[in-house]
Amino acid sequence: MKIVAMGRALPQYVLDNQELSGMVETNDEWITTRTGICQRHIAKGETVVALASQAARQALAQSGVPLESIGVVIVCTFTPDTATPSMACMVQKELGLPQTVLAFDLNAACSGFVYGLAVAEALMDRQGCHALVIGGELLSRLVDYTDRSTCILFGDGAGAAVVSPAGSRTVTDFGADGNAELLSGGGYNINGGREPLRMNGREVFRFAVSTVPGSIRRVVEQAGCTLEEVDHFVLHQANHRITEGVARHLGVNLDRFYENIVHTGNTSAASIPLALWEMQEKDLLHPGDRLVLAGFGGGLTWGAMLLNW
Ligand code: UT7
C-alpha cells in the first residue's frame with residue numbers, strides 16, 4: 001500500500017490559550033508546559049462532511065488519481081454530523097465519486113486513521129481499486145467548555161489520504177481494551193442530550209506511554225528492521241509530553257517524531273493525517289522513507305503501522 005497524496009482542512013476560527021484562559025481557570029503557561037498546545041481550530045458552522053470533503057478534494061487533485069479509480073471511502077470519526085447517512089456516503093456525494101464505492105465510517109477514536117489505512121489496504125486487495133481514507137473530527141461538539149481538564153486539549157479538523165494498492169505491504173499491530181472509565185463521551189443521556197467528553201487524563205497518559213512503545217517495537221521487529229532505520233515516527237498528537245515519553249522509552253531522539261500539536265491541539269482521528277499533510281508540504285517525506293504511524297486513545301484502542309512512503 002502506498003499513500004499517494006494528502007489533503008487537509010481546518011476551520012477558520014482559532015481558539016488560543018489566551019482566550020481559553022478567559023473561559024476556564026487556566027493559563028497559557030500551564031497549557032503550554034503540560035501539553036505543548038498553543039492554539040486549536042474550532043468549527044463555527046463548518047461540518048465534518050465539509051471539512052472531510054475539502055481535504056479529500058485537495059488530496060485527489062494532488063494525486064492525479066481519477067475519481068473512477070476510487071473504490072473505497074472510509075471516514076474515521078467519532079464525531080460525525082449524523083449517524084446516518086454516514087460521513088463517507090456524504091463525501092461520495094459531495095465529490096461525485098462513483099456509486100460503486102464501498103463507503104462507511106470507522107470509529108476507533110484517536111486510533112481511527114491507522115485502523116482506517118489497514119482496513120483500506122485489505123479492501124483494495126479485494127476490489128482492485130484506490131481508496132480515500134479520511135480522519136475528520138469536530139471534537140468541539142463533545143467538549144464541555146467548563147471542564148478545564150479536557151477543553152484545553154481538543155480541536156477540530158480533517159486530513160485525507162489517497163491510497164494506492166501499489167507498493168509493499170504494511171506491517172501492523174493493533175489492540176483494544178474496552179474501558180469507559182478512562183475516556184468516554186458522545187452517547188445519549190437519560191434526557192436524550194449528548195454526553196460530553198469525560199477523561200481521566202492522568203490514566204490515559206499512563207496507558208499511552210506504557211502501550212505505544214511496545215506496539216511500535218512489534219511492528220519494527222515484524223518488518224525485520226531496527227528503530228534506527230525508521231525515518232519518521234508520526235504519533236497521534238495527544239500531548240507533547242506523551243510523544244516525549246514514547247521517544248524516551250524507545251531510546252529514539254525526539255527530533256525523529258514529527259509534531260504539530262502546538263497549533264492544532266488534539267484532533268483525534270484527524271491528527272495523524274494533518275501531520276502527514278504538513279510533512280509533505282515541508283518536503284520532509286521522500287520516496288522509500290520508512291514511517292511508523294501510531295494511534296492510541298478512546299476505546300481504549302491503539303494501533304501502529306510501518307509503511308514505506
Ligand atoms: O487523544 C487521546 C486521549 N487523550 C489523551 O491522550 C490525554 C492524556 N492526558 C493528558 O494529556 C494530561 O493528563 C492532561 C493534559 C489532561 C492533564 O495533565 P496532567 O499533567 O496529567 O495534570 P493532572 O490532571 O495531573 O493535574 C495536575 C494539576 C491538578 O491540580 P492539583 O490537584 O495538583 O492541585 C489539576 O487540577 O493541574 C490542575 N489542572 C489545571 N490547571 C490549570 C488540570 N487542568 C488544568 C488547566 N489549567 N487546564
# chains A, B, ... in the order shown; residues from 1 in each chain; ligands from 1
>>> select_by_dssp(residues="region 55-243 of chain A", states="strand (DSSP E or B)", output="number ranges by chain")
A: 70-76, 102-106, 130-138, 154, 156-164, 171-176, 183-184, 188, 194, 198-199, 232-235
>>> residues_near_ligand(ligand="ligand 1", cutoff="9 Å", atoms="only C-alpha atoms and all ligand atoms", output="VMD selection string")
chain A and resid 20 to 21 24 to 31 33 to 35 109 to 111 147 to 154 182 to 183 199 to 208 236 to 242 266 to 269 295 to 298
>>> write_last_selection(atoms="C-alpha atoms", output="CSV table (one decimal), in the first residue's frame")
chain,number,residue,atom,x,y,z
A,20,LEU,CA,-9.3,29.9,26.9
A,21,SER,CA,-7.9,31.5,30.0
A,24,VAL,CA,-12.0,28.5,32.5
A,25,GLU,CA,-9.5,28.8,35.3
A,26,THR,CA,-6.3,28.1,33.4
A,27,ASN,CA,-3.4,30.0,31.8
A,28,ASP,CA,-1.1,29.9,28.8
A,29,GLU,CA,1.9,28.7,30.8
A,30,TRP,CA,0.1,25.7,32.3
A,31,ILE,CA,-1.3,24.6,28.9
A,33,THR,CA,4.1,23.3,29.5
A,34,ARG,CA,1.7,20.4,30.3
A,35,THR,CA,0.6,19.8,26.7
A,109,ALA,CA,-11.4,7.3,18.2
A,110,CYS,CA,-7.8,8.5,18.1
A,111,SER,CA,-6.5,5.3,16.5
A,147,ASP,CA,-14.1,21.4,32.2
A,148,ARG,CA,-10.5,22.7,32.1
A,149,SER,CA,-9.0,19.3,32.1
A,150,THR,CA,-10.4,18.5,28.6
A,151,CYS,CA,-11.3,21.7,26.9
A,152,ILE,CA,-7.7,22.9,26.6
A,153,LEU,CA,-6.7,19.8,24.6
A,154,PHE,CA,-9.1,19.3,21.7
A,182,LEU,CA,-10.8,6.4,31.3
A,183,LEU,CA,-12.4,8.2,28.3
A,199,MET,CA,-11.5,11.7,30.6
A,200,ASN,CA,-9.2,10.6,33.4
A,201,GLY,CA,-6.2,12.4,31.8
A,202,ARG,CA,-3.6,11.0,34.1
A,203,GLU,CA,-4.6,7.4,33.5
A,204,VAL,CA,-4.9,7.9,29.7
A,205,PHE,CA,-1.5,9.4,29.8
A,206,ARG,CA,-0.1,6.3,31.6
A,207,PHE,CA,-1.9,4.0,29.2
A,208,ALA,CA,-0.4,5.8,26.1
A,236,HIS,CA,-1.3,10.7,17.3
A,237,GLN,CA,-0.9,14.3,18.6
A,238,ALA,CA,-2.4,14.0,22.1
A,239,ASN,CA,0.1,15.7,24.3
A,240,HIS,CA,3.8,16.7,23.6
A,241,ARG,CA,4.8,15.0,26.9
A,242,ILE,CA,3.3,11.7,25.6
A,266,ASN,CA,-5.6,17.1,19.8
A,267,THR,CA,-7.9,16.4,16.8
A,268,SER,CA,-8.3,12.6,17.4
A,269,ALA,CA,-8.5,10.6,14.1
A,295,GLY,CA,-2.6,6.0,17.1
A,296,PHE,CA,-4.0,5.5,20.6
A,297,GLY,CA,-6.9,6.7,22.7
A,298,GLY,CA,-10.6,6.2,23.3
>>> closest_residue(among="A:Glu229, A:Asp81, A:Asp16, A:Glu278", to="Asn260 (chain A)", atoms="only C-alpha atoms")
A:Glu278
>>> residues_around(residues="Ile261 (chain A)", least_positions_apart="3", cutoff="6 Å", atoms="only C-alpha atoms", output="list of chain:residue names")
A:Ile37, A:Gln237, A:Thr264, A:Gly265
>>> select_by_dssp(residues="region 74-298 of chain A", states="alpha helix (DSSP H)", output="PDB file with N, CA and C atoms, in the first residue's frame")
ATOM      1  N   MET A  87     -20.681   9.757   7.113  1.00  0.00           N
ATOM      2  CA  MET A  87     -19.871  10.842   6.537  1.00  0.00           C
ATOM      3  C   MET A  87     -19.265  10.382   5.212  1.00  0.00           C
ATOM      4  N   ALA A  88     -18.926   9.101   5.134  1.00  0.00           N
ATOM      5  CA  ALA A  88     -18.310   8.571   3.909  1.00  0.00           C
ATOM      6  C   ALA A  88     -19.286   8.635   2.734  1.00  0.00           C
ATOM      7  N   CYS A  89     -20.575   8.319   2.999  1.00  0.00           N
ATOM      8  CA  CYS A  89     -21.575   8.405   1.920  1.00  0.00           C
ATOM      9  C   CYS A  89     -21.735   9.853   1.466  1.00  0.00           C
ATOM     10  N   MET A  90     -21.692  10.788   2.427  1.00  0.00           N
ATOM     11  CA  MET A  90     -21.849  12.202   2.061  1.00  0.00           C
ATOM     12  C   MET A  90     -20.639  12.715   1.280  1.00  0.00           C
ATOM     13  N   VAL A  91     -19.447  12.203   1.617  1.00  0.00           N
ATOM     14  CA  VAL A  91     -18.243  12.566   0.849  1.00  0.00           C
ATOM     15  C   VAL A  91     -18.374  12.025  -0.574  1.00  0.00           C
ATOM     16  N   GLN A  92     -18.891  10.816  -0.706  1.00  0.00           N
ATOM     17  CA  GLN A  92     -19.115  10.241  -2.047  1.00  0.00           C
ATOM     18  C   GLN A  92     -19.980  11.182  -2.873  1.00  0.00           C
ATOM     19  N   LYS A  93     -21.040  11.689  -2.247  1.00  0.00           N
ATOM     20  CA  LYS A  93     -21.968  12.578  -2.965  1.00  0.00           C
ATOM     21  C   LYS A  93     -21.299  13.925  -3.276  1.00  0.00           C
ATOM     22  N   GLU A  94     -20.672  14.514  -2.261  1.00  0.00           N
ATOM     23  CA  GLU A  94     -20.035  15.838  -2.422  1.00  0.00           C
ATOM     24  C   GLU A  94     -18.995  15.839  -3.535  1.00  0.00           C
ATOM     25  N   LEU A  95     -18.243  14.742  -3.619  1.00  0.00           N
ATOM     26  CA  LEU A  95     -17.144  14.697  -4.585  1.00  0.00           C
ATOM     27  C   LEU A  95     -17.572  14.105  -5.933  1.00  0.00           C
ATOM     28  N   GLY A 112      -8.190   5.922  14.897  1.00  0.00           N
ATOM     29  CA  GLY A 112      -9.012   5.734  13.703  1.00  0.00           C
ATOM     30  C   GLY A 112      -8.255   5.712  12.393  1.00  0.00           C
ATOM     31  N   PHE A 113      -7.346   6.673  12.190  1.00  0.00           N
ATOM     32  CA  PHE A 113      -6.690   6.760  10.876  1.00  0.00           C
ATOM     33  C   PHE A 113      -5.812   5.533  10.610  1.00  0.00           C
ATOM     34  N   VAL A 114      -5.145   5.036  11.635  1.00  0.00           N
ATOM     35  CA  VAL A 114      -4.280   3.855  11.443  1.00  0.00           C
ATOM     36  C   VAL A 114      -5.157   2.619  11.183  1.00  0.00           C
ATOM     37  N   TYR A 115      -6.235   2.469  11.943  1.00  0.00           N
ATOM     38  CA  TYR A 115      -7.197   1.391  11.681  1.00  0.00           C
ATOM     39  C   TYR A 115      -7.724   1.530  10.233  1.00  0.00           C
ATOM     40  N   GLY A 116      -8.053   2.768   9.847  1.00  0.00           N
ATOM     41  CA  GLY A 116      -8.642   3.018   8.524  1.00  0.00           C
ATOM     42  C   GLY A 116      -7.700   2.629   7.391  1.00  0.00           C
ATOM     43  N   LEU A 117      -6.433   2.955   7.541  1.00  0.00           N
ATOM     44  CA  LEU A 117      -5.463   2.586   6.489  1.00  0.00           C
ATOM     45  C   LEU A 117      -5.374   1.069   6.357  1.00  0.00           C
ATOM     46  N   ALA A 118      -5.378   0.373   7.503  1.00  0.00           N
ATOM     47  CA  ALA A 118      -5.262  -1.092   7.460  1.00  0.00           C
ATOM     48  C   ALA A 118      -6.489  -1.714   6.797  1.00  0.00           C
ATOM     49  N   VAL A 119      -7.655  -1.192   7.109  1.00  0.00           N
ATOM     50  CA  VAL A 119      -8.896  -1.716   6.516  1.00  0.00           C
ATOM     51  C   VAL A 119      -8.899  -1.415   5.006  1.00  0.00           C
ATOM     52  N   ALA A 120      -8.458  -0.217   4.651  1.00  0.00           N
ATOM     53  CA  ALA A 120      -8.418   0.161   3.233  1.00  0.00           C
ATOM     54  C   ALA A 120      -7.464  -0.754   2.466  1.00  0.00           C
ATOM     55  N   GLU A 121      -6.330  -1.067   3.070  1.00  0.00           N
ATOM     56  CA  GLU A 121      -5.362  -1.949   2.394  1.00  0.00           C
ATOM     57  C   GLU A 121      -6.009  -3.307   2.091  1.00  0.00           C
ATOM     58  N   ALA A 122      -6.716  -3.846   3.071  1.00  0.00           N
ATOM     59  CA  ALA A 122      -7.370  -5.146   2.874  1.00  0.00           C
ATOM     60  C   ALA A 122      -8.456  -5.057   1.804  1.00  0.00           C
ATOM     61  N   LEU A 123      -9.235  -3.968   1.823  1.00  0.00           N
ATOM     62  CA  LEU A 123     -10.339  -3.836   0.860  1.00  0.00           C
ATOM     63  C   LEU A 123      -9.836  -3.554  -0.555  1.00  0.00           C
ATOM     64  N   MET A 124      -8.749  -2.791  -0.672  1.00  0.00           N
ATOM     65  CA  MET A 124      -8.216  -2.513  -2.009  1.00  0.00           C
ATOM     66  C   MET A 124      -7.784  -3.795  -2.691  1.00  0.00           C
ATOM     67  N   ASP A 125      -7.236  -4.728  -1.910  1.00  0.00           N
ATOM     68  CA  ASP A 125      -6.833  -6.037  -2.465  1.00  0.00           C
ATOM     69  C   ASP A 125      -8.031  -6.712  -3.105  1.00  0.00           C
ATOM     70  N   ARG A 126      -9.175  -6.682  -2.399  1.00  0.00           N
ATOM     71  CA  ARG A 126     -10.389  -7.342  -2.910  1.00  0.00           C
ATOM     72  C   ARG A 126     -10.962  -6.612  -4.108  1.00  0.00           C
ATOM     73  N   GLN A 127     -10.977  -5.290  -4.040  1.00  0.00           N
ATOM     74  CA  GLN A 127     -11.710  -4.511  -5.050  1.00  0.00           C
ATOM     75  C   GLN A 127     -10.856  -4.116  -6.250  1.00  0.00           C
ATOM     76  N   ARG A 148     -11.874  22.290  32.553  1.00  0.00           N
ATOM     77  CA  ARG A 148     -10.539  22.732  32.125  1.00  0.00           C
ATOM     78  C   ARG A 148      -9.575  21.584  31.851  1.00  0.00           C
ATOM     79  N   SER A 149      -9.923  20.371  32.350  1.00  0.00           N
ATOM     80  CA  SER A 149      -9.001  19.257  32.130  1.00  0.00           C
ATOM     81  C   SER A 149      -9.133  18.677  30.714  1.00  0.00           C
ATOM     82  N   THR A 150     -10.224  19.004  30.019  1.00  0.00           N
ATOM     83  CA  THR A 150     -10.364  18.495  28.638  1.00  0.00           C
ATOM     84  C   THR A 150     -10.425  19.613  27.590  1.00  0.00           C
ATOM     85  N   CYS A 151     -11.071  20.741  27.939  1.00  0.00           N
ATOM     86  CA  CYS A 151     -11.330  21.743  26.880  1.00  0.00           C
ATOM     87  C   CYS A 151     -10.056  22.379  26.334  1.00  0.00           C
ATOM     88  N   GLY A 201      -7.410  12.034  32.577  1.00  0.00           N
ATOM     89  CA  GLY A 201      -6.218  12.382  31.799  1.00  0.00           C
ATOM     90  C   GLY A 201      -4.973  11.677  32.252  1.00  0.00           C
ATOM     91  N   ARG A 202      -4.776  11.627  33.568  1.00  0.00           N
ATOM     92  CA  ARG A 202      -3.558  11.011  34.106  1.00  0.00           C
ATOM     93  C   ARG A 202      -3.441   9.549  33.694  1.00  0.00           C
ATOM     94  N   GLU A 203      -4.594   8.818  33.799  1.00  0.00           N
ATOM     95  CA  GLU A 203      -4.569   7.385  33.457  1.00  0.00           C
ATOM     96  C   GLU A 203      -4.434   7.158  31.958  1.00  0.00           C
ATOM     97  N   VAL A 204      -5.077   8.037  31.162  1.00  0.00           N
ATOM     98  CA  VAL A 204      -4.932   7.894  29.701  1.00  0.00           C
ATOM     99  C   VAL A 204      -3.470   8.149  29.315  1.00  0.00           C
ATOM    100  N   PHE A 205      -2.881   9.112  29.967  1.00  0.00           N
ATOM    101  CA  PHE A 205      -1.459   9.421  29.751  1.00  0.00           C
ATOM    102  C   PHE A 205      -0.613   8.167  30.022  1.00  0.00           C
ATOM    103  N   ARG A 206      -0.859   7.550  31.193  1.00  0.00           N
ATOM    104  CA  ARG A 206      -0.098   6.340  31.562  1.00  0.00           C
ATOM    105  C   ARG A 206      -0.306   5.224  30.556  1.00  0.00           C
ATOM    106  N   PHE A 207      -1.588   5.039  30.161  1.00  0.00           N
ATOM    107  CA  PHE A 207      -1.909   3.989  29.179  1.00  0.00           C
ATOM    108  C   PHE A 207      -1.102   4.217  27.902  1.00  0.00           C
ATOM    109  N   ALA A 208      -1.076   5.471  27.426  1.00  0.00           N
ATOM    110  CA  ALA A 208      -0.398   5.759  26.147  1.00  0.00           C
ATOM    111  C   ALA A 208       1.096   5.481  26.242  1.00  0.00           C
ATOM    112  N   VAL A 209       1.714   6.003  27.284  1.00  0.00           N
ATOM    113  CA  VAL A 209       3.172   5.872  27.375  1.00  0.00           C
ATOM    114  C   VAL A 209       3.593   4.426  27.647  1.00  0.00           C
ATOM    115  N   SER A 210       2.684   3.638  28.270  1.00  0.00           N
ATOM    116  CA  SER A 210       3.078   2.250  28.532  1.00  0.00           C
ATOM    117  C   SER A 210       2.717   1.316  27.384  1.00  0.00           C
ATOM    118  N   THR A 211       1.778   1.679  26.520  1.00  0.00           N
ATOM    119  CA  THR A 211       1.322   0.771  25.460  1.00  0.00           C
ATOM    120  C   THR A 211       1.994   1.041  24.118  1.00  0.00           C
ATOM    121  N   VAL A 212       2.139   2.310  23.769  1.00  0.00           N
ATOM    122  CA  VAL A 212       2.600   2.657  22.415  1.00  0.00           C
ATOM    123  C   VAL A 212       4.033   2.179  22.110  1.00  0.00           C
ATOM    124  N   PRO A 213       4.987   2.306  23.031  1.00  0.00           N
ATOM    125  CA  PRO A 213       6.338   1.851  22.684  1.00  0.00           C
ATOM    126  C   PRO A 213       6.388   0.362  22.307  1.00  0.00           C
ATOM    127  N   GLY A 214       5.649  -0.474  23.035  1.00  0.00           N
ATOM    128  CA  GLY A 214       5.637  -1.915  22.739  1.00  0.00           C
ATOM    129  C   GLY A 214       5.048  -2.171  21.360  1.00  0.00           C
ATOM    130  N   SER A 215       3.975  -1.451  21.027  1.00  0.00           N
ATOM    131  CA  SER A 215       3.317  -1.620  19.739  1.00  0.00           C
ATOM    132  C   SER A 215       4.281  -1.222  18.609  1.00  0.00           C
ATOM    133  N   ILE A 216       5.009  -0.131  18.819  1.00  0.00           N
ATOM    134  CA  ILE A 216       5.978   0.319  17.803  1.00  0.00           C
ATOM    135  C   ILE A 216       7.107  -0.707  17.668  1.00  0.00           C
ATOM    136  N   ARG A 217       7.597  -1.201  18.798  1.00  0.00           N
ATOM    137  CA  ARG A 217       8.677  -2.208  18.733  1.00  0.00           C
ATOM    138  C   ARG A 217       8.234  -3.432  17.947  1.00  0.00           C
ATOM    139  N   ARG A 218       6.962  -3.856  18.155  1.00  0.00           N
ATOM    140  CA  ARG A 218       6.482  -5.063  17.478  1.00  0.00           C
ATOM    141  C   ARG A 218       6.437  -4.869  15.967  1.00  0.00           C
ATOM    142  N   VAL A 219       5.969  -3.698  15.474  1.00  0.00           N
ATOM    143  CA  VAL A 219       5.902  -3.532  14.007  1.00  0.00           C
ATOM    144  C   VAL A 219       7.310  -3.448  13.412  1.00  0.00           C
ATOM    145  N   VAL A 220       8.208  -2.827  14.148  1.00  0.00           N
ATOM    146  CA  VAL A 220       9.582  -2.697  13.643  1.00  0.00           C
ATOM    147  C   VAL A 220      10.231  -4.089  13.575  1.00  0.00           C
ATOM    148  N   GLU A 221      10.037  -4.876  14.616  1.00  0.00           N
ATOM    149  CA  GLU A 221      10.603  -6.236  14.625  1.00  0.00           C
ATOM    150  C   GLU A 221      10.005  -7.084  13.515  1.00  0.00           C
ATOM    151  N   GLN A 222       8.660  -7.026  13.400  1.00  0.00           N
ATOM    152  CA  GLN A 222       7.980  -7.820  12.356  1.00  0.00           C
ATOM    153  C   GLN A 222       8.456  -7.431  10.965  1.00  0.00           C
ATOM    154  N   HIS A 240       2.322  16.732  23.893  1.00  0.00           N
ATOM    155  CA  HIS A 240       3.762  16.715  23.602  1.00  0.00           C
ATOM    156  C   HIS A 240       4.513  15.826  24.592  1.00  0.00           C
ATOM    157  N   ARG A 241       4.051  15.815  25.860  1.00  0.00           N
ATOM    158  CA  ARG A 241       4.758  15.012  26.864  1.00  0.00           C
ATOM    159  C   ARG A 241       4.558  13.517  26.644  1.00  0.00           C
ATOM    160  N   ILE A 242       3.454  13.121  25.986  1.00  0.00           N
ATOM    161  CA  ILE A 242       3.277  11.699  25.645  1.00  0.00           C
ATOM    162  C   ILE A 242       4.291  11.327  24.576  1.00  0.00           C
ATOM    163  N   THR A 243       4.425  12.188  23.563  1.00  0.00           N
ATOM    164  CA  THR A 243       5.402  11.915  22.496  1.00  0.00           C
ATOM    165  C   THR A 243       6.810  11.820  23.088  1.00  0.00           C
ATOM    166  N   GLU A 244       7.122  12.736  23.977  1.00  0.00           N
ATOM    167  CA  GLU A 244       8.425  12.711  24.669  1.00  0.00           C
ATOM    168  C   GLU A 244       8.625  11.397  25.411  1.00  0.00           C
ATOM    169  N   GLY A 245       7.587  10.978  26.128  1.00  0.00           N
ATOM    170  CA  GLY A 245       7.666   9.749  26.921  1.00  0.00           C
ATOM    171  C   GLY A 245       7.882   8.526  26.046  1.00  0.00           C
ATOM    172  N   VAL A 246       7.159   8.476  24.925  1.00  0.00           N
ATOM    173  CA  VAL A 246       7.301   7.339  24.000  1.00  0.00           C
ATOM    174  C   VAL A 246       8.725   7.321  23.423  1.00  0.00           C
ATOM    175  N   ALA A 247       9.207   8.497  23.030  1.00  0.00           N
ATOM    176  CA  ALA A 247      10.566   8.585  22.457  1.00  0.00           C
ATOM    177  C   ALA A 247      11.590   8.113  23.487  1.00  0.00           C
ATOM    178  N   ARG A 248      11.390   8.524  24.731  1.00  0.00           N
ATOM    179  CA  ARG A 248      12.337   8.143  25.800  1.00  0.00           C
ATOM    180  C   ARG A 248      12.315   6.633  26.014  1.00  0.00           C
ATOM    181  N   HIS A 249      11.116   6.032  26.067  1.00  0.00           N
ATOM    182  CA  HIS A 249      11.011   4.580  26.260  1.00  0.00           C
ATOM    183  C   HIS A 249      11.705   3.822  25.137  1.00  0.00           C
ATOM    184  N   LEU A 250      11.594   4.374  23.921  1.00  0.00           N
ATOM    185  CA  LEU A 250      12.186   3.683  22.756  1.00  0.00           C
ATOM    186  C   LEU A 250      13.678   3.978  22.627  1.00  0.00           C
ATOM    187  N   ILE A 261       1.195  19.515  17.269  1.00  0.00           N
ATOM    188  CA  ILE A 261       0.152  19.740  18.286  1.00  0.00           C
ATOM    189  C   ILE A 261       0.095  21.199  18.720  1.00  0.00           C
ATOM    190  N   VAL A 262       1.218  21.911  18.598  1.00  0.00           N
ATOM    191  CA  VAL A 262       1.284  23.303  19.051  1.00  0.00           C
ATOM    192  C   VAL A 262       0.197  24.172  18.428  1.00  0.00           C
ATOM    193  N   HIS A 263      -0.144  23.928  17.149  1.00  0.00           N
ATOM    194  CA  HIS A 263      -1.154  24.798  16.531  1.00  0.00           C
ATOM    195  C   HIS A 263      -2.464  24.113  16.156  1.00  0.00           C
ATOM    196  N   THR A 264      -2.568  22.791  16.369  1.00  0.00           N
ATOM    197  CA  THR A 264      -3.849  22.135  16.055  1.00  0.00           C
ATOM    198  C   THR A 264      -4.508  21.489  17.274  1.00  0.00           C
ATOM    199  N   SER A 271      -5.549  13.751  13.561  1.00  0.00           N
ATOM    200  CA  SER A 271      -4.232  14.315  13.912  1.00  0.00           C
ATOM    201  C   SER A 271      -3.097  13.728  13.078  1.00  0.00           C
ATOM    202  N   ILE A 272      -3.104  12.416  12.826  1.00  0.00           N
ATOM    203  CA  ILE A 272      -2.001  11.830  12.034  1.00  0.00           C
ATOM    204  C   ILE A 272      -2.053  12.313  10.580  1.00  0.00           C
ATOM    205  N   PRO A 273      -3.224  12.292   9.903  1.00  0.00           N
ATOM    206  CA  PRO A 273      -3.208  12.818   8.526  1.00  0.00           C
ATOM    207  C   PRO A 273      -2.899  14.314   8.458  1.00  0.00           C
ATOM    208  N   LEU A 274      -3.279  15.091   9.469  1.00  0.00           N
ATOM    209  CA  LEU A 274      -2.908  16.519   9.462  1.00  0.00           C
ATOM    210  C   LEU A 274      -1.384  16.656   9.556  1.00  0.00           C
ATOM    211  N   ALA A 275      -0.762  15.810  10.365  1.00  0.00           N
ATOM    212  CA  ALA A 275       0.699  15.863  10.490  1.00  0.00           C
ATOM    213  C   ALA A 275       1.357  15.426   9.174  1.00  0.00           C
ATOM    214  N   LEU A 276       0.820  14.372   8.558  1.00  0.00           N
ATOM    215  CA  LEU A 276       1.409  13.890   7.288  1.00  0.00           C
ATOM    216  C   LEU A 276       1.291  14.956   6.200  1.00  0.00           C
ATOM    217  N   TRP A 277       0.150  15.651   6.175  1.00  0.00           N
ATOM    218  CA  TRP A 277      -0.032  16.723   5.183  1.00  0.00           C
ATOM    219  C   TRP A 277       1.061  17.771   5.348  1.00  0.00           C
ATOM    220  N   GLU A 278       1.286  18.175   6.599  1.00  0.00           N
ATOM    221  CA  GLU A 278       2.313  19.195   6.867  1.00  0.00           C
ATOM    222  C   GLU A 278       3.694  18.709   6.470  1.00  0.00           C
ATOM    223  N   MET A 279       3.964  17.445   6.777  1.00  0.00           N
ATOM    224  CA  MET A 279       5.295  16.895   6.440  1.00  0.00           C
ATOM    225  C   MET A 279       5.500  16.908   4.937  1.00  0.00           C
ATOM    226  N   GLN A 280       4.423  16.585   4.200  1.00  0.00           N
ATOM    227  CA  GLN A 280       4.518  16.599   2.740  1.00  0.00           C
ATOM    228  C   GLN A 280       4.748  18.032   2.242  1.00  0.00           C
ATOM    229  N   GLU A 281       4.018  18.992   2.830  1.00  0.00           N
ATOM    230  CA  GLU A 281       4.181  20.397   2.439  1.00  0.00           C
ATOM    231  C   GLU A 281       5.595  20.895   2.674  1.00  0.00           C
TER     232      GLU A 281
END
>>> closest_residue(among="A:Leu67, A:Val73, A:Leu51, A:Ala108", to="Thr301 (chain A)", atoms="only C-alpha atoms")
A:Ala108
>>> closest_residue(among="A:Asn191, A:Gln39, A:Thr172, A:Thr79", to="Val143 (chain A)", atoms="only C-alpha atoms")
A:Thr79
>>> closest_residue(among="A:Leu300, A:Val75, A:Val163, A:Met305", to="Asn179 (chain A)", atoms="only C-alpha atoms")
A:Leu300
>>> atom_distance(atom1="CA of Phe174 (chain A)", atom2="CA of Leu306 (chain A)")
12.0 Å
>>> closest_residue(among="A:Pro80, A:Pro98, A:Gly167, A:Gly36", to="Pro287 (chain A)", atoms="only C-alpha atoms")
A:Gly167
>>> closest_residue(among="A:Asp105, A:Glu181, A:Glu259, A:Asp231", to="Pro85 (chain A)", atoms="only C-alpha atoms")
A:Asp105
>>> residues_around(residues="Ala43 (chain A)", least_positions_apart="6", cutoff="8 Å", atoms="only C-alpha atoms", output="list in words")
Pro11, Gln12, Tyr13, Leu138, Ser140 and Asp156 of chain A
>>> atom_distance(atom1="CA of Ala9 (chain A)", atom2="CA of Gly159 (chain A)")
6.5 Å
